[in-house]
file protein20.cif (mmCIF, C-alpha atoms)
data_run
loop_
_atom_site.label_atom_id
_atom_site.label_comp_id
_atom_site.auth_asym_id
_atom_site.auth_seq_id
_atom_site.Cartn_x
_atom_site.Cartn_y
_atom_site.Cartn_z
CA MET A 1160 0.92 11.50 -4.90
CA LYS A 1161 -2.28 12.98 -6.26
CA TYR A 1162 -4.78 12.06 -8.91
CA LEU A 1163 -6.47 14.24 -11.55
CA GLN A 1164 -6.93 17.89 -10.80
CA ASN A 1165 -10.28 19.30 -9.70
CA VAL A 1166 -12.41 16.26 -10.41
CA ALA A 1167 -13.34 15.09 -6.91
CA THR A 1168 -16.98 15.84 -6.15
CA ILE A 1169 -16.66 16.49 -2.41
CA ASN A 1170 -18.38 19.55 -0.94
CA VAL A 1171 -19.34 20.72 2.54
CA ALA A 1172 -22.58 22.59 3.20
CA PRO A 1173 -21.46 25.07 5.87
CA GLU A 1174 -25.02 25.83 7.00
CA LYS A 1175 -25.46 22.17 8.02
CA CYS A 1176 -21.98 21.58 9.45
CA THR A 1177 -21.72 21.52 13.22
CA GLY A 1178 -17.93 21.46 13.23
CA CYS A 1179 -17.79 18.17 15.14
CA GLY A 1180 -14.71 17.10 13.20
CA ILE A 1181 -15.62 13.45 12.60
CA CYS A 1182 -15.14 13.92 8.83
CA MET A 1183 -11.59 15.05 9.39
CA LYS A 1184 -10.96 12.06 11.64
CA VAL A 1185 -12.22 9.42 9.21
CA CYS A 1186 -10.56 10.89 6.12
CA PRO A 1187 -7.53 8.78 5.17
CA ARG A 1188 -6.16 11.49 2.87
CA ASN A 1189 -6.35 14.65 4.99
CA VAL A 1190 -8.75 16.29 2.59
CA LEU A 1191 -10.77 18.17 5.20
CA GLU A 1192 -9.86 20.74 7.76
CA ILE A 1193 -11.82 22.45 10.50
CA LYS A 1194 -11.53 26.17 9.91
CA ASP A 1195 -13.57 28.74 11.88
CA LYS A 1196 -15.64 25.93 13.43
CA TRP A 1197 -16.66 24.46 10.08
CA ALA A 1198 -15.27 21.72 7.94
CA GLU A 1199 -13.67 22.83 4.74
CA VAL A 1200 -12.24 20.99 1.73
CA SER A 1201 -8.61 21.99 1.95
CA ASP A 1202 -7.09 19.50 -0.51
CA ARG A 1203 -9.59 18.46 -3.18
CA ASP A 1204 -7.08 16.67 -5.40
CA SER A 1205 -6.24 14.22 -2.63
CA CYS A 1206 -9.87 13.15 -2.24
CA ILE A 1207 -10.45 9.56 -3.32
CA GLU A 1208 -14.23 9.81 -2.95
CA CYS A 1209 -14.34 6.90 -0.52
CA GLY A 1210 -17.34 8.46 1.20
CA ALA A 1211 -16.18 7.91 4.79
CA CYS A 1212 -16.86 11.55 5.69
CA LYS A 1213 -20.35 11.51 4.20
CA MET A 1214 -21.21 8.19 5.89
CA ASN A 1215 -20.21 9.49 9.29
CA CYS A 1216 -21.59 13.01 9.12
CA ALA A 1217 -24.59 12.97 11.45
CA SER A 1218 -25.82 16.32 10.14
CA ASP A 1219 -25.68 15.33 6.47
CA ALA A 1220 -23.43 18.27 5.65
CA ILE A 1221 -21.13 16.54 3.20
CA TYR A 1222 -21.82 15.72 -0.40
CA VAL A 1223 -19.58 13.38 -2.34
CA ASP A 1224 -20.41 11.09 -5.26
CA SER A 1225 -18.61 8.23 -3.61
CA GLY A 1226 -17.52 4.95 -5.11
CA VAL A 1227 -14.45 2.99 -5.98
CA GLY A 1228 -12.08 4.55 -8.50
CA CYS A 1229 -11.36 1.27 -10.19
CA ALA A 1230 -10.92 1.15 -13.96
CA THR A 1231 -11.16 -2.65 -14.01
CA ALA A 1232 -14.64 -2.56 -12.47
CA MET A 1233 -15.80 0.24 -14.77
CA ILE A 1234 -14.50 -1.43 -17.93
CA ASN A 1235 -16.20 -4.67 -16.88
CA GLY A 1236 -19.35 -2.65 -16.28
CA ILE A 1237 -19.26 -1.17 -19.78
CA LEU A 1238 -18.53 -4.51 -21.42
CA ARG A 1239 -21.17 -6.46 -19.54
CA PHE A 1240 -23.94 -4.00 -18.81
CA GLY A 1241 -23.10 -0.90 -20.85
CA ASP A 1242 -22.79 1.04 -17.60
CA PRO A 1243 -19.49 1.75 -15.81
CA ASP A 1244 -21.26 1.91 -12.43
CA LYS A 1245 -22.57 -1.64 -12.61
CA GLY A 1246 -19.29 -3.47 -13.02
CA SER A 1247 -17.18 -5.25 -10.48
CA CYS A 1248 -13.55 -6.26 -10.26
CA GLY A 1249 -11.82 -9.25 -8.73
CA CYS A 1250 -11.93 -7.57 -5.33
CA ASP A 1251 -15.57 -8.34 -4.67
CA SER A 1252 -15.71 -12.00 -5.54
CA LYS A 1253 -19.23 -13.20 -5.44
CA SER A 1254 -17.82 -16.09 -7.44
CA GLY A 1255 -16.18 -17.88 -4.56
CA SER A 1256 -18.92 -16.89 -2.19
CA ASN A 1257 -19.84 -20.23 -0.74
CA GLY A 1258 -18.81 -18.97 2.68
CA CYS A 1259 -20.01 -22.19 4.25
CA CYS A 1260 -17.64 -24.77 5.49
CA MET B 35 -39.78 -13.56 13.01
CA VAL B 36 -36.84 -11.26 12.54
CA GLU B 37 -34.64 -13.58 14.52
CA LYS B 38 -35.70 -16.52 12.45
CA GLY B 39 -34.96 -14.60 9.25
CA ASN B 40 -31.50 -13.84 10.53
CA SER B 41 -30.76 -17.40 11.43
CA VAL B 42 -31.84 -18.53 8.00
CA ALA B 43 -29.65 -15.91 6.35
CA ASN B 44 -26.69 -17.17 8.34
CA SER B 45 -27.68 -20.77 8.10
CA CYS B 46 -24.20 -22.13 7.71
CA CYS B 47 -23.38 -25.52 9.05
CA CYS B 48 -20.51 -23.79 10.86
CA SER B 49 -22.44 -20.96 12.49
CA LYS B 50 -22.77 -22.51 15.92
CA PRO B 51 -23.24 -20.01 18.71
CA GLU B 52 -19.92 -20.99 20.35
CA ILE B 53 -17.22 -18.38 20.67
CA ARG B 54 -14.03 -19.08 18.82
CA LYS B 55 -10.54 -18.43 20.05
CA ALA B 56 -7.91 -16.42 18.21
CA VAL B 57 -4.21 -16.62 19.03
CA PRO B 58 -1.46 -14.12 18.28
CA PHE B 59 0.96 -16.64 16.81
CA TRP B 60 1.28 -17.33 13.13
CA GLN B 61 1.83 -20.87 11.97
CA LEU B 62 3.76 -21.81 8.85
CA LYS B 63 0.53 -22.03 6.86
CA ASP B 64 -0.36 -18.46 7.84
CA TYR B 65 2.93 -17.19 6.39
CA TYR B 66 2.35 -19.32 3.30
CA GLY B 67 -1.16 -17.87 2.97
CA ALA B 68 0.09 -14.31 3.37
CA VAL B 69 2.46 -14.84 0.45
CA MET B 70 -0.06 -16.69 -1.73
CA CYS B 71 -2.62 -13.89 -1.30
CA ARG B 72 -0.17 -11.61 -3.05
CA VAL B 73 0.30 -13.96 -5.98
CA SER B 74 -2.99 -15.66 -6.77
CA ASP B 75 -6.36 -13.95 -6.79
CA GLY B 76 -8.04 -17.34 -6.83
CA PHE B 77 -6.31 -18.22 -3.56
CA ARG B 78 -6.95 -14.76 -2.11
CA ASN B 79 -10.67 -14.88 -2.82
CA LYS B 80 -11.03 -18.06 -0.82
CA TYR B 81 -8.75 -17.03 2.04
CA ARG B 82 -11.33 -16.58 4.78
CA VAL B 83 -12.05 -17.01 8.44
CA LYS B 84 -15.46 -17.71 9.86
CA PRO B 85 -17.36 -14.57 10.78
CA GLY B 86 -18.44 -14.09 14.39
CA LEU B 87 -17.04 -13.26 17.80
CA TYR B 88 -13.61 -14.49 18.85
CA THR B 89 -11.83 -14.27 22.17
CA PHE B 90 -8.23 -13.13 22.13
CA GLY B 91 -6.21 -13.88 25.27
CA SER B 92 -8.60 -13.93 28.21
CA PRO B 93 -10.97 -11.02 27.67
CA SER B 94 -13.22 -9.79 30.44
CA ALA B 95 -16.39 -7.71 30.27
CA GLU B 96 -14.21 -4.60 30.26
CA SER B 97 -11.98 -5.67 27.39
CA ASP B 98 -11.96 -3.85 24.07
CA VAL B 99 -13.82 -5.14 21.03
CA PHE B 100 -11.95 -4.96 17.72
CA VAL B 101 -13.92 -5.27 14.51
CA THR B 102 -12.45 -6.71 11.32
CA ALA B 103 -13.34 -8.43 8.04
CA ASN B 104 -13.36 -12.15 7.36
CA TYR B 105 -10.49 -11.94 4.86
CA LYS B 106 -7.99 -14.16 6.65
CA LEU B 107 -5.02 -11.89 5.99
CA SER B 108 -6.81 -8.93 7.63
CA PHE B 109 -7.70 -11.14 10.58
CA ASP B 110 -4.15 -12.54 10.81
CA LEU B 111 -2.53 -9.11 10.80
CA LEU B 112 -4.91 -7.94 13.49
CA ARG B 113 -4.26 -10.88 15.81
CA LYS B 114 -0.51 -10.58 15.27
CA ASP B 115 -0.56 -6.89 16.14
CA LEU B 116 -2.80 -7.37 19.17
CA ALA B 117 -0.35 -9.77 20.85
CA GLY B 118 -0.32 -9.22 24.59
CA ILE B 119 -3.74 -7.56 24.75
CA ASP B 120 -6.84 -9.33 26.06
CA ALA B 121 -9.64 -8.49 23.69
CA TRP B 122 -12.69 -9.54 21.72
CA ILE B 123 -12.49 -9.73 17.96
CA LEU B 124 -15.73 -9.31 16.05
CA VAL B 125 -15.34 -10.61 12.49
CA LEU B 126 -17.89 -9.32 9.99
CA ASP B 127 -18.92 -11.40 7.00
CA THR B 128 -17.46 -9.53 4.03
CA ASP B 129 -17.28 -12.47 1.61
CA GLY B 130 -13.59 -12.77 2.36
CA ILE B 131 -12.78 -9.24 1.21
CA ASN B 132 -10.46 -6.92 3.15
CA VAL B 133 -11.85 -4.08 5.26
CA TRP B 134 -11.33 -1.18 2.87
CA CYS B 135 -12.55 -2.87 -0.32
CA ALA B 136 -15.50 -4.37 1.54
CA ALA B 137 -16.35 -0.99 3.07
CA GLY B 138 -16.30 0.58 -0.40
CA LYS B 139 -18.74 -2.05 -1.56
CA GLY B 140 -20.90 -1.89 1.55
CA THR B 141 -20.37 -5.44 2.83
CA PHE B 142 -18.23 -4.12 5.67
CA GLY B 143 -21.11 -1.86 6.56
CA THR B 144 -23.53 -0.55 9.14
CA LYS B 145 -26.07 -3.30 8.45
CA GLU B 146 -23.60 -6.16 8.87
CA LEU B 147 -22.02 -4.59 11.96
CA VAL B 148 -25.40 -4.12 13.63
CA ARG B 149 -26.39 -7.66 12.67
CA LYS B 150 -23.21 -9.13 14.18
CA ILE B 151 -23.46 -7.07 17.38
CA GLU B 152 -26.96 -8.46 17.84
CA SER B 153 -26.39 -12.05 16.72
CA GLU B 154 -23.25 -12.39 18.85
CA LYS B 155 -25.07 -10.79 21.81
CA LEU B 156 -22.19 -8.41 22.38
CA ASN B 157 -24.10 -6.50 25.05
CA GLU B 158 -24.05 -9.68 27.18
CA LYS B 159 -20.31 -10.19 26.69
CA VAL B 160 -19.07 -6.72 27.54
CA SER B 161 -20.17 -4.17 30.11
CA HIS B 162 -19.05 -1.12 28.11
CA LYS B 163 -20.49 0.39 24.95
CA ARG B 164 -17.45 0.93 22.79
CA ILE B 165 -16.30 -0.92 19.67
CA LEU B 166 -13.08 -0.21 17.82
CA VAL B 167 -13.46 -0.20 14.05
CA PRO B 168 -10.53 0.16 11.66
CA GLN B 169 -10.57 3.62 10.14
CA LEU B 170 -10.67 2.32 6.58
CA GLY B 171 -13.98 0.69 7.46
CA ALA B 172 -15.49 4.16 7.85
CA SER B 173 -16.57 4.38 4.22
CA GLY B 174 -19.04 1.57 4.88
CA ILE B 175 -20.09 2.43 8.40
CA SER B 176 -22.20 5.19 9.82
CA ALA B 177 -21.06 5.52 13.43
CA HIS B 178 -24.15 7.49 14.44
CA ASP B 179 -26.48 4.90 12.91
CA VAL B 180 -24.70 2.05 14.71
CA LYS B 181 -25.09 3.96 17.95
CA LYS B 182 -28.79 4.53 17.28
CA SER B 183 -29.42 0.86 16.47
CA THR B 184 -27.28 -0.86 19.10
CA GLY B 185 -26.17 1.69 21.69
CA PHE B 186 -22.55 0.93 20.87
CA SER B 187 -20.26 3.86 20.08
CA VAL B 188 -17.94 3.30 17.16
CA VAL B 189 -14.42 4.54 17.79
CA TYR B 190 -12.30 4.57 14.66
CA GLY B 191 -8.86 3.10 15.17
CA PRO B 192 -5.76 3.63 13.05
CA VAL B 193 -5.48 2.72 9.36
CA LEU B 194 -2.91 0.02 10.10
CA SER B 195 -3.27 -2.59 12.83
CA LYS B 196 0.40 -2.19 13.70
CA ASP B 197 -0.46 1.23 15.17
CA ILE B 198 -3.14 -0.13 17.51
CA LYS B 199 -0.90 -0.23 20.55
CA ASP B 200 0.23 3.37 19.99
CA PHE B 201 -3.40 4.28 19.42
CA ILE B 202 -4.38 2.79 22.79
CA ALA B 203 -1.42 4.46 24.49
CA ASN B 204 -2.57 7.72 22.92
CA ASN B 205 -5.84 7.39 24.82
CA TYR B 206 -7.77 5.80 21.95
CA ALA B 207 -7.03 8.62 19.54
CA SER B 208 -5.30 8.41 16.18
CA THR B 209 -2.62 10.90 15.31
CA SER B 210 -2.66 12.46 11.87
CA ARG B 211 0.02 9.97 10.79
CA MET B 212 -2.06 6.98 11.94
CA ARG B 213 -5.09 8.31 10.07
CA THR B 214 -3.38 8.80 6.73
CA VAL B 215 -2.95 6.05 4.15
CA THR B 216 0.48 5.70 2.68
CA PHE B 217 1.51 4.19 -0.63
CA THR B 218 5.21 3.54 -0.20
CA ILE B 219 7.36 1.77 -2.73
CA ALA B 220 7.05 -1.45 -0.71
CA GLU B 221 3.26 -1.12 -0.58
CA ARG B 222 3.19 -0.60 -4.35
CA ALA B 223 5.70 -3.32 -5.18
CA VAL B 224 3.81 -5.98 -3.24
CA LEU B 225 0.86 -5.47 -5.61
CA ILE B 226 2.88 -6.26 -8.73
CA PRO B 227 2.84 -10.09 -8.78
CA ILE B 228 -0.93 -10.44 -8.64
CA GLU B 229 -1.36 -7.95 -11.49
CA VAL B 230 1.18 -9.75 -13.66
CA VAL B 231 -0.25 -13.19 -12.89
CA ALA B 232 -3.79 -11.97 -13.60
CA MET B 233 -2.76 -10.55 -16.98
CA VAL B 234 -0.87 -13.70 -18.00
CA LYS B 235 -3.83 -15.82 -16.92
CA LYS B 236 -6.17 -13.70 -19.01
CA ALA B 237 -4.01 -13.61 -22.13
CA TRP B 238 -2.02 -16.84 -22.46
CA LEU B 239 -4.64 -18.50 -24.60
CA ILE B 240 -4.77 -15.54 -27.00
CA VAL B 241 -0.95 -15.55 -27.22
CA LEU B 242 -1.00 -19.26 -28.02
CA LEU B 243 -3.72 -18.89 -30.66
CA VAL B 244 -1.90 -16.00 -32.34
CA ALA B 245 1.33 -18.02 -32.34
CA MET B 246 -0.45 -20.98 -33.92
CA ALA B 247 -2.19 -18.80 -36.49
CA LEU B 248 1.14 -17.28 -37.48
CA GLY B 249 2.92 -20.63 -37.49
CA ILE B 250 0.42 -22.69 -39.43
CA GLN B 251 1.36 -23.44 -43.04
CA LYS B 252 0.30 -25.89 -45.72
CA GLN B 253 2.56 -28.52 -44.18
CA GLY B 254 1.07 -27.96 -40.72
CA ILE B 255 2.41 -25.90 -37.81
CA MET B 256 6.08 -25.29 -38.40
CA PHE B 257 7.76 -24.76 -35.05
CA GLY B 258 10.75 -22.75 -36.30
CA PRO B 259 8.80 -20.20 -38.36
CA MET B 260 6.18 -20.01 -35.61
CA ILE B 261 8.76 -18.92 -33.03
CA HIS B 262 10.39 -16.53 -35.47
CA ARG B 263 7.13 -14.94 -36.57
CA THR B 264 5.63 -14.67 -33.08
CA MET B 265 8.77 -13.20 -31.55
CA PRO B 266 7.98 -9.47 -32.02
CA LEU B 267 4.46 -9.85 -30.64
CA PHE B 268 5.60 -12.04 -27.77
CA VAL B 269 8.40 -9.63 -26.87
CA GLY B 270 5.86 -6.80 -27.15
CA PHE B 271 3.47 -8.59 -24.81
CA ILE B 272 6.19 -9.09 -22.19
CA CYS B 273 7.35 -5.48 -22.56
CA ALA B 274 3.79 -4.18 -22.15
CA ILE B 275 3.33 -6.10 -18.91
CA PHE B 276 6.70 -4.89 -17.70
CA ALA B 277 5.92 -1.26 -18.53
CA GLY B 278 2.29 -1.20 -17.36
CA SER B 279 2.32 -3.53 -14.38
CA VAL B 280 5.90 -3.46 -13.06
CA LEU B 281 7.53 -0.18 -13.99
CA HIS B 282 4.39 1.91 -13.59
CA PRO B 283 3.64 1.15 -9.91
CA ILE B 284 7.29 1.65 -9.05
CA ILE B 285 7.75 5.04 -10.67
CA LEU B 286 4.22 6.28 -9.85
CA PRO B 287 5.24 9.19 -7.58
CA LEU B 288 7.77 10.46 -10.11
CA SER B 289 5.28 10.78 -12.93
CA PRO B 290 4.91 14.28 -14.43
CA VAL B 291 1.32 13.52 -15.52
CA ARG B 292 -1.53 12.46 -13.26
CA SER B 293 -3.60 10.42 -15.68
CA PHE B 294 -2.89 6.71 -15.20
CA ALA B 295 -3.76 5.90 -18.82
CA LEU B 296 -1.25 8.49 -20.02
CA GLN B 297 1.39 7.31 -17.55
CA GLY B 298 1.08 3.81 -18.97
CA LEU B 299 1.05 5.09 -22.54
CA PHE B 300 4.28 7.06 -22.01
CA LEU B 301 6.00 4.08 -20.40
CA GLY B 302 4.84 1.89 -23.29
CA LEU B 303 6.20 4.37 -25.83
CA LEU B 304 9.44 4.49 -23.88
CA CYS B 305 9.66 0.70 -24.16
CA ASP B 306 8.91 0.99 -27.88
CA GLY B 307 11.84 3.41 -28.18
CA VAL B 308 14.15 0.99 -26.39
CA LEU B 309 12.92 -1.93 -28.52
CA HIS B 310 13.43 0.06 -31.69
CA GLY B 311 16.87 1.25 -30.62
CA SER B 312 17.91 -2.31 -29.74
CA GLY B 313 17.42 -3.37 -33.35
CA LEU B 314 15.76 -6.59 -32.18
CA PHE B 315 13.03 -6.28 -34.81
CA SER B 316 15.24 -5.02 -37.64
CA GLY B 317 14.56 -6.65 -40.96
CA MET B 318 11.16 -7.94 -39.88
CA SER B 319 7.84 -7.27 -41.55
CA ILE B 320 6.54 -3.77 -40.92
CA TYR B 321 3.15 -5.28 -40.02
CA GLY B 322 4.69 -7.53 -37.40
CA THR B 323 6.75 -4.82 -35.77
CA GLY B 324 3.93 -2.29 -36.14
CA SER B 325 1.46 -4.55 -34.32
CA ALA B 326 4.06 -5.18 -31.60
CA TYR B 327 4.78 -1.48 -31.05
CA LEU B 328 1.08 -0.63 -30.91
CA LEU B 329 0.43 -3.55 -28.56
CA VAL B 330 3.13 -2.32 -26.15
CA ALA B 331 1.77 1.24 -26.05
CA ALA B 332 -1.91 0.34 -25.75
CA LEU B 333 -1.58 -2.62 -23.38
CA SER B 334 0.84 -0.75 -21.11
CA SER B 335 -1.66 2.12 -20.89
CA TYR B 336 -4.50 -0.31 -20.21
CA LEU B 337 -2.60 -2.09 -17.44
CA ALA B 338 -1.52 1.16 -15.78
CA PHE B 339 -5.10 2.44 -15.96
CA ASN B 340 -6.33 -0.77 -14.35
CA PHE B 341 -3.99 -0.12 -11.45
CA THR B 342 -6.22 2.80 -10.34
CA GLY B 343 -8.37 0.42 -8.29
CA CYS B 344 -5.34 -0.86 -6.39
CA THR B 345 -4.23 2.57 -5.25
CA PRO B 346 -5.34 4.81 -2.41
CA ILE B 347 -5.04 7.88 -4.65
CA ALA B 348 -7.46 7.45 -7.58
CA ASN B 349 -11.13 8.43 -7.36
CA LYS B 350 -14.32 7.49 -9.17
CA SER B 351 -14.86 10.82 -10.92
CA GLY B 352 -11.30 10.84 -12.24
CA VAL B 353 -11.40 7.26 -13.50
CA LYS B 354 -14.69 8.03 -15.26
CA LYS B 355 -13.12 11.07 -16.87
CA GLU B 356 -10.15 9.05 -18.10
CA LEU B 357 -12.43 6.28 -19.27
CA ARG B 358 -14.27 8.53 -21.71
CA ILE B 359 -11.13 8.87 -23.81
CA ALA B 360 -9.24 5.73 -22.82
CA PHE B 361 -11.95 3.17 -23.47
CA PRO B 362 -12.55 4.06 -27.14
CA MET B 363 -8.77 4.22 -27.60
CA TYR B 364 -8.36 0.68 -26.23
CA VAL B 365 -11.10 -0.66 -28.45
CA ALA B 366 -9.58 1.08 -31.48
CA SER B 367 -6.11 -0.24 -30.57
CA ALA B 368 -7.39 -3.78 -30.18
CA VAL B 369 -9.01 -3.59 -33.62
CA ALA B 370 -5.89 -2.05 -35.16
CA VAL B 371 -3.56 -4.66 -33.61
CA THR B 372 -5.81 -7.44 -34.89
CA ILE B 373 -5.83 -6.01 -38.42
CA LEU B 374 -2.05 -5.60 -38.34
CA ILE B 375 -1.62 -9.21 -37.22
CA VAL B 376 -3.82 -10.39 -40.09
CA LEU B 377 -1.74 -8.32 -42.53
CA TYR B 378 1.39 -9.71 -40.90
CA LYS B 379 0.18 -13.24 -41.46
CA LEU B 380 -0.61 -12.45 -45.09
CA SER B 381 2.82 -10.91 -45.58
CA CYS B 382 4.47 -13.95 -43.97
CA GLU B 383 2.73 -16.17 -46.51
CA ALA B 384 3.81 -13.77 -49.25
CA VAL B 385 0.19 -13.05 -50.15
CA ILE B 386 0.83 -9.31 -49.88
#
call {"tool": "encode", "arguments": {"input": "protein20.cif", "output": "structure tokens"}}
result
Amino acid sequence: MKYLQNVATINVAPEKCTGCGICMKVCPRNVLEIKDKWAEVSDRDSCIECGACKMNCASDAIYVDSGVGCATAMINGILRFGDPDKGSCGCDSKSGSNGCC
Amino acid sequence: MVEKGNSVANSCCCSKPEIRKAVPFWQLKDYYGAVMCRVSDGFRNKYRVKPGLYTFGSPSAESDVFVTANYKLSFDLLRKDLAGIDAWILVLDTDGINVWCAAGKGTFGTKELVRKIESEKLNEKVSHKRILVPQLGASGISAHDVKKSTGFSVVYGPVLSKDIKDFIANNYASTSRMRTVTFTIAERAVLIPIEVVAMVKKAWLIVLLVAMALGIQKQGIMFGPMIHRTMPLFVGFICAIFAGSVLHPIILPLSPVRSFALQGLFLGLLCDGVLHGSGLFSGMSIYGTGSAYLLVAALSSYLAFNFTGCTPIANKSGVKKELRIAFPMYVASAVAVTILIVLYKLSCEAVI
């Protein structure tokens, strides 16, 4: 199962990559591969832009415009703030956030 | 000063420094909760455990530390799958959200992990410097930053807690299978009830108002005509939910197109075809049937598109791309359906 073709923003800067392989290990979709000692995007269309690789790359070699691919949140964002990036969905309830007993 | 700030931030009546105990067994209420989480988002959003450090079995200073979120279902699955292991469980405060969603939003994140390691004085509880973090938490956590701040090395465990024992047996390494998220038919089907319930909760009032508007006459609301007139729209509403929120997740891997909005649209049109072929609406006002057919197509597309956030396959850039066309289409459809319903009402009253 794959999503839209050629839209994922993930890229590896080979000059920064040390080939440590952590990106490959944290990727839940097998998007990256270590080839010739460097990480390479081998399956772009599987990338869900979760940002795990970028977060864990100590040499800052990965670029991805990460975020949650959630239409509900983006539509809420447009309706409430006129900006798809500002919305939230039911999965981040601040509403019930009285975490106290 | 910093310490004081922290204690104020966590100033819950329940945040005593004591260590809580977690057990592997599920009670009846845990099973009930696991089911309810899949049905009611209101229940799910309040289904929490207290953040902090828990003992599991009788952990020693050498025992492993497993990190999880304070969504109770995440915590329950972890403790069930850890049965037989002596360990520490470090529960981060994620506002009751599961690991992956919380990681995407940053609450299951480096800052909170570092804060909990410090506030729970983990370095006094264990003699080693290793913490096991679920792999899906990686999008919120920077392993190298945690190491820098606390000295603890983050080791990413498998995606699913049920693989933890294999992961340990494999010398604390995930295999490619353990690292990869799946989206099987069972994993998709389990998401259906909450989507359906959420939609019904959102729309029941509108359905009722439309029914009353169509049913109201000079003599008051006539029950018979109200049912008769509302039927196409009501059937359309049910069909749209069926197409967009039930059929769509099930047939997802078989779809020839990748756009969720289009997948939902095609399923909606398919339902329209079946409705039309069934002759259920034959003889009814063209405005009534027209609004119903449009409602099925547009609402099915909308519901399928909204499913993107529930899947481990959609991404932000793609949803944004779809949104540019889909959003104006939904607004236009909503306006068109409303106009058609008004015309339908007028035709029912023989005004037009």
call {"tool": "atom_distance", "arguments": {"input": "protein20.cif", "atom1": "atom CA of B:Ala121", "atom2": "atom CA of B:Ser210"}}
result
25.0 Å
call {"tool": "resolve_selection", "arguments": {"input": "protein20.cif", "expression": "the PyMOL selection byres ((chain A and resi 1178) around 7)", "output": "list in words"}}
result
Cys1176, Thr1177, Cys1179, Gly1180, Ile1193, Lys1196, Trp1197 and Ala1198 of chain A
call {"tool": "interface_residues", "arguments": {"input": "protein20.cif", "of": "chain B", "to": "chain A", "cutoff": "7 Å", "atoms": "all atoms listed in the file", "output": "JSON, numbers by chain"}}
result
{"B": [46, 47, 48, 79, 80, 129, 131, 135, 138, 169, 172, 173, 174, 175, 176, 177, 178, 213, 214, 215, 287, 292, 293, 339, 340, 342, 343, 347, 348, 349, 350, 351, 352, 353]}
call {"tool": "write_last_selection", "arguments": {"input": "protein20.cif", "atoms": "C-alpha atoms", "output": "mmCIF file, in the coordinates of the input"}}
result
data_model
loop_
_atom_site.group_PDB
_atom_site.id
_atom_site.type_symbol
_atom_site.label_atom_id
_atom_site.label_comp_id
_atom_site.auth_asym_id
_atom_site.auth_seq_id
_atom_site.Cartn_x
_atom_site.Cartn_y
_atom_site.Cartn_z
ATOM 1 C CA CYS B 46 -24.200 -22.130 7.710
ATOM 2 C CA CYS B 47 -23.380 -25.520 9.050
ATOM 3 C CA CYS B 48 -20.510 -23.790 10.860
ATOM 4 C CA ASN B 79 -10.670 -14.880 -2.820
ATOM 5 C CA LYS B 80 -11.030 -18.060 -0.820
ATOM 6 C CA ASP B 129 -17.280 -12.470 1.610
ATOM 7 C CA ILE B 131 -12.780 -9.240 1.210
ATOM 8 C CA CYS B 135 -12.550 -2.870 -0.320
ATOM 9 C CA GLY B 138 -16.300 0.580 -0.400
ATOM 10 C CA GLN B 169 -10.570 3.620 10.140
ATOM 11 C CA ALA B 172 -15.490 4.160 7.850
ATOM 12 C CA SER B 173 -16.570 4.380 4.220
ATOM 13 C CA GLY B 174 -19.040 1.570 4.880
ATOM 14 C CA ILE B 175 -20.090 2.430 8.400
ATOM 15 C CA SER B 176 -22.200 5.190 9.820
ATOM 16 C CA ALA B 177 -21.060 5.520 13.430
ATOM 17 C CA HIS B 178 -24.150 7.490 14.440
ATOM 18 C CA ARG B 213 -5.090 8.310 10.070
ATOM 19 C CA THR B 214 -3.380 8.800 6.730
ATOM 20 C CA VAL B 215 -2.950 6.050 4.150
ATOM 21 C CA PRO B 287 5.240 9.190 -7.580
ATOM 22 C CA ARG B 292 -1.530 12.460 -13.260
ATOM 23 C CA SER B 293 -3.600 10.420 -15.680
ATOM 24 C CA PHE B 339 -5.100 2.440 -15.960
ATOM 25 C CA ASN B 340 -6.330 -0.770 -14.350
ATOM 26 C CA THR B 342 -6.220 2.800 -10.340
ATOM 27 C CA GLY B 343 -8.370 0.420 -8.290
ATOM 28 C CA ILE B 347 -5.040 7.880 -4.650
ATOM 29 C CA ALA B 348 -7.460 7.450 -7.580
ATOM 30 C CA ASN B 349 -11.130 8.430 -7.360
ATOM 31 C CA LYS B 350 -14.320 7.490 -9.170
ATOM 32 C CA SER B 351 -14.860 10.820 -10.920
ATOM 33 C CA GLY B 352 -11.300 10.840 -12.240
ATOM 34 C CA VAL B 353 -11.400 7.260 -13.500
#
call {"tool": "resolve_selection", "arguments": {"input": "protein20.cif", "expression": "the PyMOL selection byres ((chain B and resi 241) around 12)", "output": "ChimeraX atom specification"}}
result
/B:233-240,242-248,260-261,264-272,375
call {"tool": "write_last_selection", "arguments": {"input": "protein20.cif", "atoms": "C-alpha atoms", "output": "short mmCIF file (atom, residue, chain, number, x, y, z; two decimals), in the coordinates of the input"}}
result
data_model
loop_
_atom_site.label_atom_id
_atom_site.label_comp_id
_atom_site.auth_asym_id
_atom_site.auth_seq_id
_atom_site.Cartn_x
_atom_site.Cartn_y
_atom_site.Cartn_z
CA MET B 233 -2.76 -10.55 -16.98
CA VAL B 234 -0.87 -13.70 -18.00
CA LYS B 235 -3.83 -15.82 -16.92
CA LYS B 236 -6.17 -13.70 -19.01
CA ALA B 237 -4.01 -13.61 -22.13
CA TRP B 238 -2.02 -16.84 -22.46
CA LEU B 239 -4.64 -18.50 -24.60
CA ILE B 240 -4.77 -15.54 -27.00
CA LEU B 242 -1.00 -19.26 -28.02
CA LEU B 243 -3.72 -18.89 -30.66
CA VAL B 244 -1.90 -16.00 -32.34
CA ALA B 245 1.33 -18.02 -32.34
CA MET B 246 -0.45 -20.98 -33.92
CA ALA B 247 -2.19 -18.80 -36.49
CA LEU B 248 1.14 -17.28 -37.48
CA MET B 260 6.18 -20.01 -35.61
CA ILE B 261 8.76 -18.92 -33.03
CA THR B 264 5.63 -14.67 -33.08
CA MET B 265 8.77 -13.20 -31.55
CA PRO B 266 7.98 -9.47 -32.02
CA LEU B 267 4.46 -9.85 -30.64
CA PHE B 268 5.60 -12.04 -27.77
CA VAL B 269 8.40 -9.63 -26.87
CA GLY B 270 5.86 -6.80 -27.15
CA PHE B 271 3.47 -8.59 -24.81
CA ILE B 272 6.19 -9.09 -22.19
CA ILE B 375 -1.62 -9.21 -37.22
#
